[in-house]
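What's in my_file-v9.txt: compact mmCIF, C-alpha atoms
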# COMPACT_ATOMS: atom_id res chain seq x y z
CA MET A 1 64.94 -137.45 -47.77
CA TYR A 2 62.54 -134.77 -48.93
CA THR A 3 63.69 -132.58 -51.76
CA ILE A 4 62.23 -129.39 -53.09
CA ASN A 5 60.91 -129.83 -56.63
CA LYS A 6 62.77 -127.89 -59.26
CA ASP A 7 59.52 -126.48 -60.64
CA VAL A 8 59.13 -124.18 -57.65
CA ALA A 9 60.62 -120.77 -57.00
CA PHE A 10 60.46 -118.98 -53.68
CA ARG A 11 61.61 -115.99 -51.72
CA GLU A 12 61.59 -115.15 -48.04
CA VAL A 13 60.18 -111.71 -47.31
CA ASP A 14 60.10 -110.38 -43.76
CA GLY A 15 60.33 -113.87 -42.33
CA SER A 16 57.63 -115.44 -44.52
CA ILE A 17 58.14 -117.63 -47.52
CA LEU A 18 56.26 -116.94 -50.72
CA LEU A 19 56.43 -119.68 -53.28
CA VAL A 20 55.34 -120.25 -56.85
CA ASN A 21 54.67 -123.67 -58.30
CA LEU A 22 55.54 -123.28 -61.96
CA LYS A 23 53.83 -126.49 -62.93
CA SER A 24 50.45 -125.69 -61.44
CA GLY A 25 50.75 -121.90 -61.59
CA SER A 26 49.72 -121.66 -57.94
CA TYR A 27 51.10 -119.20 -55.42
CA TYR A 28 51.57 -119.90 -51.73
CA SER A 29 52.18 -117.77 -48.68
CA PHE A 30 53.49 -119.96 -45.85
CA ASN A 31 52.58 -119.57 -42.21
CA ALA A 32 55.28 -119.52 -39.54
CA THR A 33 55.51 -123.29 -39.11
CA ALA A 34 55.63 -124.01 -42.83
CA THR A 35 58.26 -121.29 -43.27
CA PHE A 36 60.34 -122.80 -40.50
CA VAL A 37 60.14 -126.32 -41.96
CA PHE A 38 60.65 -125.24 -45.55
CA ARG A 39 63.66 -123.12 -44.67
CA LEU A 40 65.33 -126.17 -43.15
CA LEU A 41 64.36 -128.36 -46.10
CA SER A 42 65.98 -125.81 -48.41
CA GLN A 43 69.16 -126.27 -46.37
CA ASN A 44 68.96 -130.02 -47.08
CA LYS A 45 68.23 -130.88 -43.45
CA GLY A 46 66.85 -134.35 -42.80
CA ILE A 47 63.65 -135.03 -40.92
CA SER A 48 65.36 -135.93 -37.65
CA GLU A 49 67.24 -132.63 -37.67
CA ILE A 50 64.10 -130.66 -38.49
CA LEU A 51 62.20 -132.37 -35.70
CA GLU A 52 64.97 -131.59 -33.25
CA GLU A 53 65.04 -127.94 -34.32
CA MET A 54 61.27 -127.65 -33.97
CA CYS A 55 61.33 -129.04 -30.44
CA ARG A 56 64.09 -126.64 -29.50
CA PHE A 57 62.72 -123.53 -31.20
CA TYR A 58 59.09 -123.93 -30.25
CA ASP A 59 59.84 -125.56 -26.87
CA VAL A 60 57.29 -128.30 -27.41
CA PRO A 61 57.33 -132.04 -26.77
CA GLU A 62 58.53 -134.26 -29.59
CA GLU A 63 55.11 -135.75 -30.19
CA THR A 64 53.60 -132.32 -30.74
CA ALA A 65 56.37 -131.33 -33.09
CA ARG A 66 56.06 -134.60 -35.01
CA LEU A 67 52.35 -134.13 -35.59
CA ASP A 68 52.90 -130.59 -36.87
CA LEU A 69 55.78 -131.71 -39.06
CA GLU A 70 53.85 -134.61 -40.57
CA GLY A 71 50.95 -132.31 -41.33
CA CYS A 72 53.22 -129.75 -42.93
CA LEU A 73 55.16 -132.28 -45.01
CA GLY A 74 51.97 -133.95 -46.16
CA ALA A 75 50.58 -130.66 -47.38
CA LEU A 76 53.81 -129.77 -49.20
CA VAL A 77 53.84 -133.15 -50.92
CA ARG A 78 50.17 -132.89 -51.91
CA GLU A 79 50.76 -129.47 -53.46
CA GLY A 80 53.68 -130.78 -55.49
CA ILE A 81 56.23 -128.61 -53.71
CA ILE A 82 58.42 -131.35 -52.25
CA THR A 83 59.01 -134.98 -53.05
CA LEU A 84 59.94 -137.86 -50.81
CA ASN A 85 62.92 -139.63 -52.30
CA GLY A 86 64.24 -143.07 -51.49
CA GLY A 87 67.11 -143.71 -49.12
CA GLU A 88 67.11 -143.27 -45.40
CA SER A 89 63.82 -143.47 -43.70
CA ASP A 90 62.28 -140.10 -43.53
CA ALA A 91 59.49 -140.91 -41.18
CA PRO A 92 59.91 -138.84 -38.06
CA PRO A 93 61.41 -141.16 -35.48
CA ALA A 94 58.97 -142.79 -33.11
CA ALA A 95 59.01 -141.73 -29.48
CA MET B 1 51.10 -81.82 -88.72
CA ARG B 2 52.10 -85.45 -88.75
CA PRO B 3 51.61 -87.38 -91.96
CA ARG B 4 48.81 -89.87 -91.73
CA PRO B 5 49.41 -93.51 -92.54
CA ARG B 6 48.54 -94.22 -96.11
CA GLU B 7 47.14 -97.18 -97.90
CA CYS B 8 49.37 -100.11 -98.48
CA GLY B 9 50.30 -100.55 -102.05
CA ALA B 10 51.08 -96.89 -102.56
CA GLY B 11 54.73 -97.40 -101.80
CA GLY B 12 55.43 -100.02 -99.16
CA PRO B 13 54.74 -101.19 -95.65
CA LEU B 14 53.42 -98.80 -93.05
CA THR B 15 55.27 -98.11 -89.85
CA LEU B 16 54.63 -96.73 -86.44
CA ARG B 17 57.00 -96.00 -83.59
CA VAL B 18 55.69 -96.68 -80.13
CA ARG B 19 57.62 -95.47 -77.09
CA VAL B 20 57.48 -97.87 -74.17
CA GLY B 21 59.37 -96.10 -71.40
CA PRO B 22 63.03 -95.95 -72.46
CA PHE B 23 62.49 -98.30 -75.39
CA LEU B 24 61.14 -97.93 -78.86
CA VAL B 25 58.96 -100.52 -80.56
CA ALA B 26 59.00 -100.06 -84.30
CA VAL B 27 55.86 -101.60 -85.74
CA GLN B 28 55.69 -102.51 -89.40
CA ALA B 29 52.39 -103.53 -90.99
CA ASP B 30 51.02 -104.05 -94.46
CA ASP B 31 47.52 -102.97 -93.53
CA GLU B 32 46.58 -99.48 -92.38
CA ARG B 33 43.89 -100.90 -90.10
CA VAL B 34 46.57 -102.59 -87.99
CA ILE B 35 48.46 -99.32 -87.56
CA ARG B 36 45.24 -97.46 -86.79
CA ALA B 37 44.18 -99.98 -84.14
CA ILE B 38 47.49 -99.56 -82.33
CA ARG B 39 47.41 -95.77 -82.60
CA GLU B 40 43.90 -95.73 -81.18
CA LEU B 41 45.11 -97.58 -78.12
CA ALA B 42 47.53 -94.81 -77.16
CA LEU B 43 46.54 -92.28 -74.54
CA ASP B 44 48.06 -89.42 -76.47
CA ASP B 45 50.27 -88.67 -79.41
CA SER B 46 53.45 -88.50 -77.36
CA ALA B 47 53.55 -92.30 -77.28
CA VAL B 48 53.25 -92.93 -80.98
CA GLU B 49 54.92 -91.43 -83.99
CA ASP B 50 53.46 -92.00 -87.39
CA GLU B 51 55.98 -92.66 -90.01
CA VAL B 52 55.22 -93.00 -93.61
CA ALA B 53 58.14 -95.06 -94.64
CA ARG B 54 59.06 -97.37 -97.39
CA ILE B 55 61.31 -100.11 -96.30
CA GLY B 56 62.39 -100.37 -99.88
CA GLU B 57 65.64 -102.17 -100.15
CA ALA B 58 65.39 -104.00 -96.85
CA ALA B 59 64.45 -107.62 -97.32
CA GLU B 60 61.16 -108.73 -95.80
CA ASP B 61 62.85 -110.67 -93.07
CA ASP B 62 65.74 -108.29 -92.59
CA ALA B 63 64.74 -107.13 -89.17
CA ALA B 64 68.12 -105.57 -88.49
CA GLY B 65 67.83 -103.52 -91.67
CA PHE B 66 64.35 -102.44 -90.71
CA ALA B 67 65.48 -101.37 -87.27
CA GLU B 68 68.32 -99.40 -88.81
CA ALA B 69 65.90 -97.71 -91.16
CA MET B 70 63.78 -96.65 -88.22
CA GLU B 71 66.59 -95.07 -86.29
CA ASP B 72 66.84 -91.34 -86.62
CA GLY B 73 67.21 -88.46 -84.20
CA ALA B 74 64.09 -89.46 -82.31
CA ALA B 75 64.80 -93.15 -82.13
CA SER B 76 68.44 -92.70 -81.19
CA SER B 77 67.30 -91.39 -77.79
CA ALA B 78 65.87 -94.83 -77.02
CA GLU B 79 67.93 -97.30 -75.04
CA ALA B 80 67.01 -100.02 -77.48
CA VAL B 81 64.82 -100.46 -80.50
CA CYS B 82 62.84 -103.60 -81.02
CA THR B 83 60.78 -104.38 -84.07
CA LEU B 84 57.42 -105.96 -84.60
CA ALA B 85 56.44 -106.83 -88.16
CA LEU B 86 52.78 -107.74 -88.62
CA SER B 87 51.48 -109.11 -91.90
CA THR B 88 47.92 -109.72 -92.98
CA ALA B 89 48.93 -111.38 -96.22
CA GLY B 90 49.21 -115.14 -96.41
CA ARG B 91 46.80 -116.93 -94.14
CA ALA B 92 48.45 -118.84 -91.33
CA ASP B 93 47.49 -122.49 -91.46
CA SER B 94 46.50 -124.26 -88.28
CA ALA B 95 49.23 -126.76 -89.08
CA ASP B 96 51.70 -123.90 -88.60
CA PHE B 97 50.72 -123.52 -84.97
CA PRO B 98 52.22 -125.53 -82.14
CA PRO B 99 49.73 -127.89 -80.46
CA ARG B 100 47.63 -126.18 -77.84
CA GLU B 101 48.66 -128.71 -75.21
CA SER B 102 52.25 -127.54 -75.42
CA ALA B 103 51.40 -123.97 -74.36
CA VAL B 104 53.13 -122.84 -71.18
CA ALA B 105 50.28 -120.45 -70.48
CA VAL B 106 46.74 -119.99 -71.78
CA PHE B 107 44.72 -116.83 -71.21
CA GLU B 108 41.26 -116.86 -72.73
CA ASP B 109 41.90 -117.31 -76.45
CA VAL B 110 45.62 -116.65 -76.29
CA GLU B 111 48.31 -119.31 -75.96
CA LEU B 112 51.92 -118.64 -75.10
CA HIS B 113 54.46 -121.20 -76.27
CA ALA B 114 58.10 -121.02 -75.30
CA SER B 115 61.44 -122.41 -76.28
CA PRO B 116 64.85 -121.15 -75.11
CA ALA B 117 65.19 -118.52 -77.82
CA LYS B 118 61.63 -117.96 -78.98
CA ARG B 119 58.17 -117.12 -77.71
CA THR B 120 55.13 -117.86 -79.85
CA LEU B 121 51.80 -116.17 -79.25
CA VAL B 122 48.82 -117.88 -80.84
CA VAL B 123 45.66 -115.78 -80.80
CA GLY B 124 42.33 -117.42 -81.40
CA ARG B 125 44.05 -120.14 -83.42
CA GLY B 126 44.11 -117.68 -86.32
CA SER B 127 46.95 -115.25 -85.69
CA VAL B 128 50.47 -116.00 -84.60
CA VAL B 129 53.42 -113.89 -83.50
CA GLU B 130 56.88 -115.35 -83.11
CA ILE B 131 59.30 -113.41 -80.96
CA ASP B 132 63.04 -113.85 -80.99
CA VAL B 133 63.71 -112.91 -77.39
CA ALA B 134 67.43 -112.29 -77.81
CA ALA B 135 67.07 -109.75 -80.63
CA PRO B 136 64.24 -108.86 -79.62
CA VAL B 137 62.23 -109.01 -82.81
CA GLY B 138 58.67 -110.12 -83.44
CA ARG B 139 57.06 -111.32 -86.66
CA GLY B 140 53.37 -111.99 -86.89
CA ARG B 141 50.68 -113.12 -89.27
CA ILE B 142 47.27 -111.73 -88.50
CA ALA B 143 44.12 -113.51 -89.60
CA PRO B 144 41.77 -111.39 -91.73
CA LEU B 145 39.02 -111.82 -89.14
CA HIS B 146 41.23 -110.34 -86.47
CA VAL B 147 42.08 -107.33 -88.64
CA LEU B 148 38.37 -106.58 -88.70
CA HIS B 149 38.40 -106.43 -84.92
CA PRO B 150 40.75 -103.62 -83.88
CA TRP B 151 40.37 -104.59 -80.24
CA ILE B 152 42.02 -107.96 -80.92
CA VAL B 153 44.82 -106.36 -82.89
CA ALA B 154 45.50 -103.79 -80.16
CA HIS B 155 44.84 -105.67 -76.92
CA ARG B 156 45.81 -109.18 -77.85
CA ILE B 157 48.27 -109.18 -80.71
CA PHE B 158 50.09 -105.90 -80.11
CA THR B 159 50.00 -105.58 -76.31
CA LEU B 160 50.93 -109.18 -75.60
CA SER B 161 53.72 -109.02 -78.19
CA VAL B 162 55.11 -105.93 -76.48
CA ILE B 163 55.07 -107.75 -73.14
CA GLU B 164 57.20 -110.51 -74.65
CA LEU B 165 59.50 -108.03 -76.37
CA MET B 166 60.01 -106.21 -73.08
CA ARG B 167 60.72 -109.54 -71.40
CA GLY B 168 63.55 -109.94 -73.88
CA LEU B 169 64.86 -106.57 -72.67
CA GLY B 170 64.84 -107.70 -69.04
CA ALA B 171 61.57 -106.11 -67.96
CA CYS B 172 58.68 -107.97 -66.33
CA TYR B 173 55.06 -106.91 -66.57
CA LEU B 174 52.95 -106.11 -63.53
CA HIS B 175 49.20 -105.74 -63.65
CA ALA B 176 48.98 -102.51 -61.68
CA GLY B 177 48.02 -98.89 -61.95
CA CYS B 178 50.77 -96.34 -61.46
CA VAL B 179 51.02 -92.62 -60.77
CA SER B 180 53.99 -90.56 -59.76
CA GLU B 181 54.99 -87.36 -58.04
CA GLY B 182 58.28 -86.28 -59.50
CA GLU B 183 60.24 -89.50 -59.94
CA LYS B 184 58.50 -91.27 -57.05
CA GLY B 185 55.94 -93.79 -58.16
CA ILE B 186 52.94 -95.31 -56.42
CA LEU B 187 51.68 -98.67 -57.61
CA PHE B 188 48.07 -99.74 -57.17
CA CYS B 189 48.20 -103.48 -57.26
CA GLY B 190 45.21 -105.79 -57.17
CA ALA B 191 42.91 -108.07 -59.10
CA SER B 192 40.70 -106.85 -61.92
CA GLY B 193 37.63 -105.06 -60.65
CA GLY B 194 39.29 -104.09 -57.40
CA GLY B 195 39.42 -100.38 -58.13
CA LYS B 196 42.92 -99.88 -59.48
CA SER B 197 41.86 -97.85 -62.51
CA THR B 198 39.45 -95.68 -60.55
CA LEU B 199 41.98 -94.93 -57.83
CA THR B 200 44.75 -94.31 -60.33
CA TYR B 201 42.54 -91.82 -62.14
CA ALA B 202 41.47 -90.13 -58.90
CA LEU B 203 45.12 -89.35 -58.17
CA ALA B 204 46.05 -88.49 -61.76
CA ARG B 205 43.28 -85.86 -61.95
CA ASP B 206 44.69 -84.39 -58.75
CA ARG B 207 48.39 -83.46 -58.92
CA PHE B 208 49.93 -86.83 -59.67
CA SER B 209 51.33 -87.79 -63.07
CA PHE B 210 49.69 -90.70 -64.88
CA LEU B 211 51.69 -93.71 -66.05
CA SER B 212 49.05 -96.38 -66.49
CA ASP B 213 45.77 -97.61 -65.06
CA ASP B 214 46.35 -101.22 -66.02
CA GLY B 215 49.97 -102.32 -66.27
CA VAL B 216 53.60 -101.31 -65.98
CA PHE B 217 56.93 -102.88 -66.76
CA LEU B 218 59.51 -103.29 -64.02
CA ARG B 219 63.23 -103.61 -64.46
CA ARG B 220 66.34 -103.24 -62.37
CA GLY B 221 68.27 -100.11 -63.22
CA PRO B 222 71.38 -98.52 -61.70
CA SER B 223 69.20 -96.48 -59.32
CA GLY B 224 66.94 -99.34 -58.25
CA ILE B 225 63.72 -100.85 -59.54
CA GLU B 226 62.18 -98.69 -62.21
CA ALA B 227 58.61 -98.77 -63.49
CA PHE B 228 57.79 -97.68 -67.01
CA SER B 229 54.78 -97.81 -69.21
CA TRP B 230 53.28 -97.23 -72.55
CA PRO B 231 50.34 -95.04 -71.59
CA GLU B 232 47.19 -96.55 -73.02
CA LYS B 233 43.82 -94.90 -72.94
CA LEU B 234 42.19 -94.86 -69.55
CA LYS B 235 39.53 -97.58 -69.19
CA LEU B 236 36.74 -97.09 -66.67
CA ASP B 237 33.30 -98.59 -66.28
CA ARG B 238 30.25 -96.43 -66.07
CA ARG B 239 29.96 -96.57 -62.29
CA SER B 240 33.50 -95.26 -61.92
CA CYS B 241 32.87 -92.55 -64.51
CA SER B 242 29.82 -91.42 -62.56
CA PHE B 243 32.03 -90.28 -59.67
CA PHE B 244 33.91 -87.73 -61.77
CA GLY B 245 32.05 -84.81 -63.28
CA GLU B 246 34.30 -84.48 -66.32
CA LEU B 247 33.52 -88.11 -67.25
CA GLY B 248 29.78 -87.69 -67.04
CA THR B 249 29.35 -88.46 -70.73
CA TYR B 250 30.77 -91.92 -70.20
CA ALA B 251 28.52 -92.74 -67.26
CA ASP B 252 25.83 -93.79 -69.71
CA THR B 253 27.88 -96.45 -71.44
CA THR B 254 27.28 -100.08 -70.74
CA ALA B 255 30.80 -101.40 -70.57
CA LYS B 256 34.32 -100.29 -69.74
CA THR B 257 35.16 -97.46 -72.05
CA GLU B 258 38.47 -96.26 -73.42
CA ILE B 259 38.57 -92.55 -72.72
CA PRO B 260 40.82 -90.23 -74.74
CA LEU B 261 43.14 -87.95 -72.81
CA ARG B 262 41.42 -84.71 -73.79
CA ARG B 263 38.21 -85.91 -72.12
CA THR B 264 39.87 -86.73 -68.82
CA GLY B 265 41.12 -84.60 -65.98
CA ILE B 266 44.64 -86.01 -66.29
CA LYS B 267 47.07 -83.14 -66.18
CA ARG B 268 50.43 -84.81 -66.63
CA ILE B 269 51.71 -88.02 -68.15
CA ALA B 270 54.88 -89.71 -67.01
CA LYS B 271 56.53 -92.68 -68.64
CA ARG B 272 58.99 -93.69 -65.93
CA ALA B 273 59.11 -93.64 -62.15
CA PHE B 274 60.85 -95.29 -59.22
CA PRO B 275 58.18 -96.92 -57.04
CA VAL B 276 58.24 -95.91 -53.40
CA ALA B 277 54.86 -97.31 -52.40
CA ILE B 278 52.57 -100.22 -53.14
CA VAL B 279 48.91 -99.65 -52.39
CA VAL B 280 46.53 -102.59 -52.39
CA PRO B 281 42.94 -101.41 -52.96
CA ALA B 282 40.04 -102.86 -51.06
CA ARG B 283 36.38 -101.86 -51.13
CA THR B 284 34.64 -100.60 -48.04
CA ALA B 285 31.07 -99.81 -47.21
CA GLU B 286 32.20 -97.04 -44.88
CA ARG B 287 31.57 -93.46 -45.87
CA GLU B 288 35.21 -92.49 -45.64
CA SER B 289 38.29 -94.13 -47.10
CA ALA B 290 41.09 -95.24 -44.81
CA ILE B 291 44.66 -96.24 -45.46
CA GLY B 292 46.93 -98.35 -43.28
CA ALA B 293 50.29 -100.07 -43.51
CA ILE B 294 50.49 -103.76 -44.32
CA ALA B 295 53.34 -106.21 -43.92
CA ARG B 296 55.71 -106.51 -46.84
CA HIS B 297 55.07 -110.20 -47.25
CA ASP B 298 51.35 -109.45 -47.60
CA ALA B 299 52.14 -106.90 -50.28
CA PHE B 300 54.53 -109.31 -51.97
CA ALA B 301 51.82 -111.96 -52.14
CA ARG B 302 49.45 -109.48 -53.79
CA VAL B 303 52.11 -108.30 -56.23
CA LEU B 304 53.06 -111.85 -57.13
CA ALA B 305 49.49 -112.67 -58.03
CA GLN B 306 49.46 -109.83 -60.57
CA THR B 307 52.45 -110.84 -62.61
CA ILE B 308 52.11 -112.50 -65.98
CA PRO B 309 52.39 -116.22 -66.62
CA LEU B 310 55.74 -117.75 -65.82
CA LEU B 311 57.83 -119.65 -68.24
CA ASP B 312 60.69 -121.41 -66.59
CA SER B 313 62.59 -121.54 -63.36
CA ALA B 314 65.36 -119.17 -64.44
CA GLU B 315 62.90 -116.53 -65.62
CA MET B 316 60.73 -116.96 -62.57
CA ASN B 317 63.68 -116.50 -60.28
CA ALA B 318 64.77 -113.40 -62.17
CA GLN B 319 61.24 -112.05 -61.85
CA LEU B 320 61.08 -112.89 -58.15
CA ASP B 321 64.33 -111.01 -57.64
CA ILE B 322 62.86 -107.89 -59.22
CA LEU B 323 59.63 -108.20 -57.26
CA SER B 324 61.30 -108.79 -53.91
CA ASP B 325 63.59 -105.80 -54.52
CA LEU B 326 60.52 -103.77 -55.45
CA VAL B 327 58.72 -104.68 -52.25
CA ALA B 328 61.86 -104.04 -50.19
CA ALA B 329 62.08 -100.53 -51.65
CA CYS B 330 58.44 -99.65 -51.06
CA ARG B 331 56.20 -98.71 -48.21
CA CYS B 332 53.18 -100.99 -48.39
CA PHE B 333 49.60 -100.06 -47.68
CA GLU B 334 46.04 -101.23 -47.97
CA LEU B 335 43.57 -98.56 -49.02
CA LYS B 336 40.01 -99.25 -48.01
CA ALA B 337 38.37 -97.06 -50.60
CA ALA B 338 34.97 -95.51 -50.26
CA THR B 339 33.66 -93.08 -52.87
CA ASP B 340 35.22 -89.92 -51.43
CA PHE B 341 37.53 -89.57 -54.42
CA ASP B 342 38.21 -85.90 -53.80
CA ARG B 343 39.76 -86.85 -50.48
CA ILE B 344 41.66 -89.99 -51.50
CA PRO B 345 44.62 -88.25 -53.22
CA SER B 346 45.62 -86.35 -50.09
CA LEU B 347 45.01 -89.44 -47.96
CA VAL B 348 47.41 -91.43 -50.13
CA ARG B 349 49.93 -88.59 -50.42
CA ASP B 350 50.06 -88.07 -46.66
CA ALA B 351 50.51 -91.78 -45.99
CA VAL B 352 53.11 -92.42 -48.68
CA PHE B 353 55.23 -89.32 -48.20
CA SER B 354 54.93 -88.95 -44.44
CA THR B 355 58.08 -89.23 -42.37
CA LYS B 356 56.45 -91.40 -39.74
CA GLU B 357 57.85 -94.88 -39.17
CA GLU B 358 55.90 -97.49 -41.11
CA ALA B 359 53.90 -99.81 -38.85
CA ALA B 360 55.01 -103.41 -39.10
Take the structure I supplied and represent it as structure tokens, if you would.
Amino acid sequence: MYTINKDVAFREVDGSILLVNLKSGSYYSFNATATFVFRLLSQNKGISEILEEMCRFYDVPEETARLDLEGCLGALVREGIITLNGGESDAPPAA
Amino acid sequence: MRPRPRECGAGGPLTLRVRVGPFLVAVQADDERVIRAIRELALDDSAVEDEVARIGEAAEDDAAGFAEAMEDGAASSAEAVCTLALSTAGRADSADFPPRESAVAVFEDVELHASPAKRTLVVGRGSVVEIDVAAPVGRGRIAPLHVLHPWIVAHRIFTLSVIELMRGLGACYLHAGCVSEGEKGILFCGASGGGKSTLTYALARDRFSFLSDDGVFLRRGPSGIEAFSWPEKLKLDRRSCSFFGELGTYADTTAKTEIPLRRTGIKRIAKRAFPVAIVVPARTAERESAIGAIARHDAFARVLAQTIPLLDSAEMNAQLDILSDLVAACRCFELKAATDFDRIPSLVRDAVFSTKEEAA
């Protein structure tokens, strides 16, 4: 399960998320995909659910959605915005 | 004629009242040079009130007694009075300062340390101001070397202390220029060197009222987000001064210059306004300036980048609430500014106060 780090604060303005990382002092403006994923993470959705929503909303094959999701999650982890916790496997399910 | 501050030792500490929007900051100092440095920072006399006062019976650390002594007919019109006591006696030892690594924010030679009830500003590892945020009250010890440099006293010790005092009163600081027409404010928000001060002045010398060319405080009031300022002297570099005939004298200077009010073309000063527009300046090589709407989230990103260092999650969220309400209440624009400063005020006025639908 990915959780949002408590050192971040964010707001959604006109459909885009703007986020501040208090620890690093960095500011982020998310693109549409990152906003979509982050919004679901903030609702405590698991990876399987997010993947399903992406396929449905963007009308793309699962493989395409998984690649985008992995890229997005990797970036959020690298920037210290989310953390992968233990527990259920959070790797997007294989095809 | 107002009494001038007098030398310490002739009767007691020296005091100065500084109006910051609806609030009053009562400054107490034991050295006239500290008072003078702060007075020199003010755009005009309406923001500061000299007071030759002897605190007398009030104990040195009786901040409540000091505040009470400062309240009279003038001060009672303020929503709140906060006090800042600055001493040049008794050298602060480096052992008195928190370790630099524990600072929550560092800006050049200034460190900001924070605990739940207190903020500590350490300037140049020689001066320190401790601010009780709940009161809010500030007490500082200024190093002798800093007293010799009025710029440090005014721009580092005093201004940054006021920012923390205002934070204690629920106001957040935004690095932005601001003018107003009636109660309606226009914020020029952007990084240093982007043209905020020049554009703010161009409008203020037209028919807009001047709040600040560098920073305003924002807070949530009953009528929405309010901006207020303590008008400091206008600061323009020589290239900017060269565009305005009345500032010709300052076009020969080598650095940004603080320009007294009487030398400017500013016609009116305002201390409070309700922002209705955010304008993000951008330079252009075109001959004519142009203004166009931008998306609110673009404007929000720019505004966010111009807020002061953040302390903790609760404060950051409170600040984000104010900023997102500000952006929601404003029309947002980008102004690609050329050097046609005689035309820019009407360009901005027409865009901001037009009744056309804002482009997404």
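Shortest atom-to-atom contact with chain A among B:Ala176, B:Leu86, B:Ala105, B:Ala338: B:Ala105, counting all atoms listed in the file.
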Chain B contacts on chain A, only C-alpha atoms, 7 Å, as a PyMOL selection string: chain A and resi 7+9+13-14+16+18+22+29
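Between CA of Pro22 in chain B and CA of Pro136 in chain B there is a distance of 14.8 Å.
You will find CA of Arg219 in chain B at 24.8 Å from CA of Lys23 in chain A.
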Counting all atoms listed in the file, find residues at most 12 Å from (38.7, -108.6, -81.3) (file frame) and give them as a PyMOL selection string. chain B and resi 34+37+109-110+123-124+126-127+142-158
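You will find CA of Ser87 in chain B at 5.7 Å from CA of Ala29 in chain B.
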From the set A:Tyr27, A:Leu19, A:Asp68, A:Ile50, which residue has the shortest atom-to-atom contact distance to Gln306 in chain B, counting all atoms listed in the file? A:Tyr27
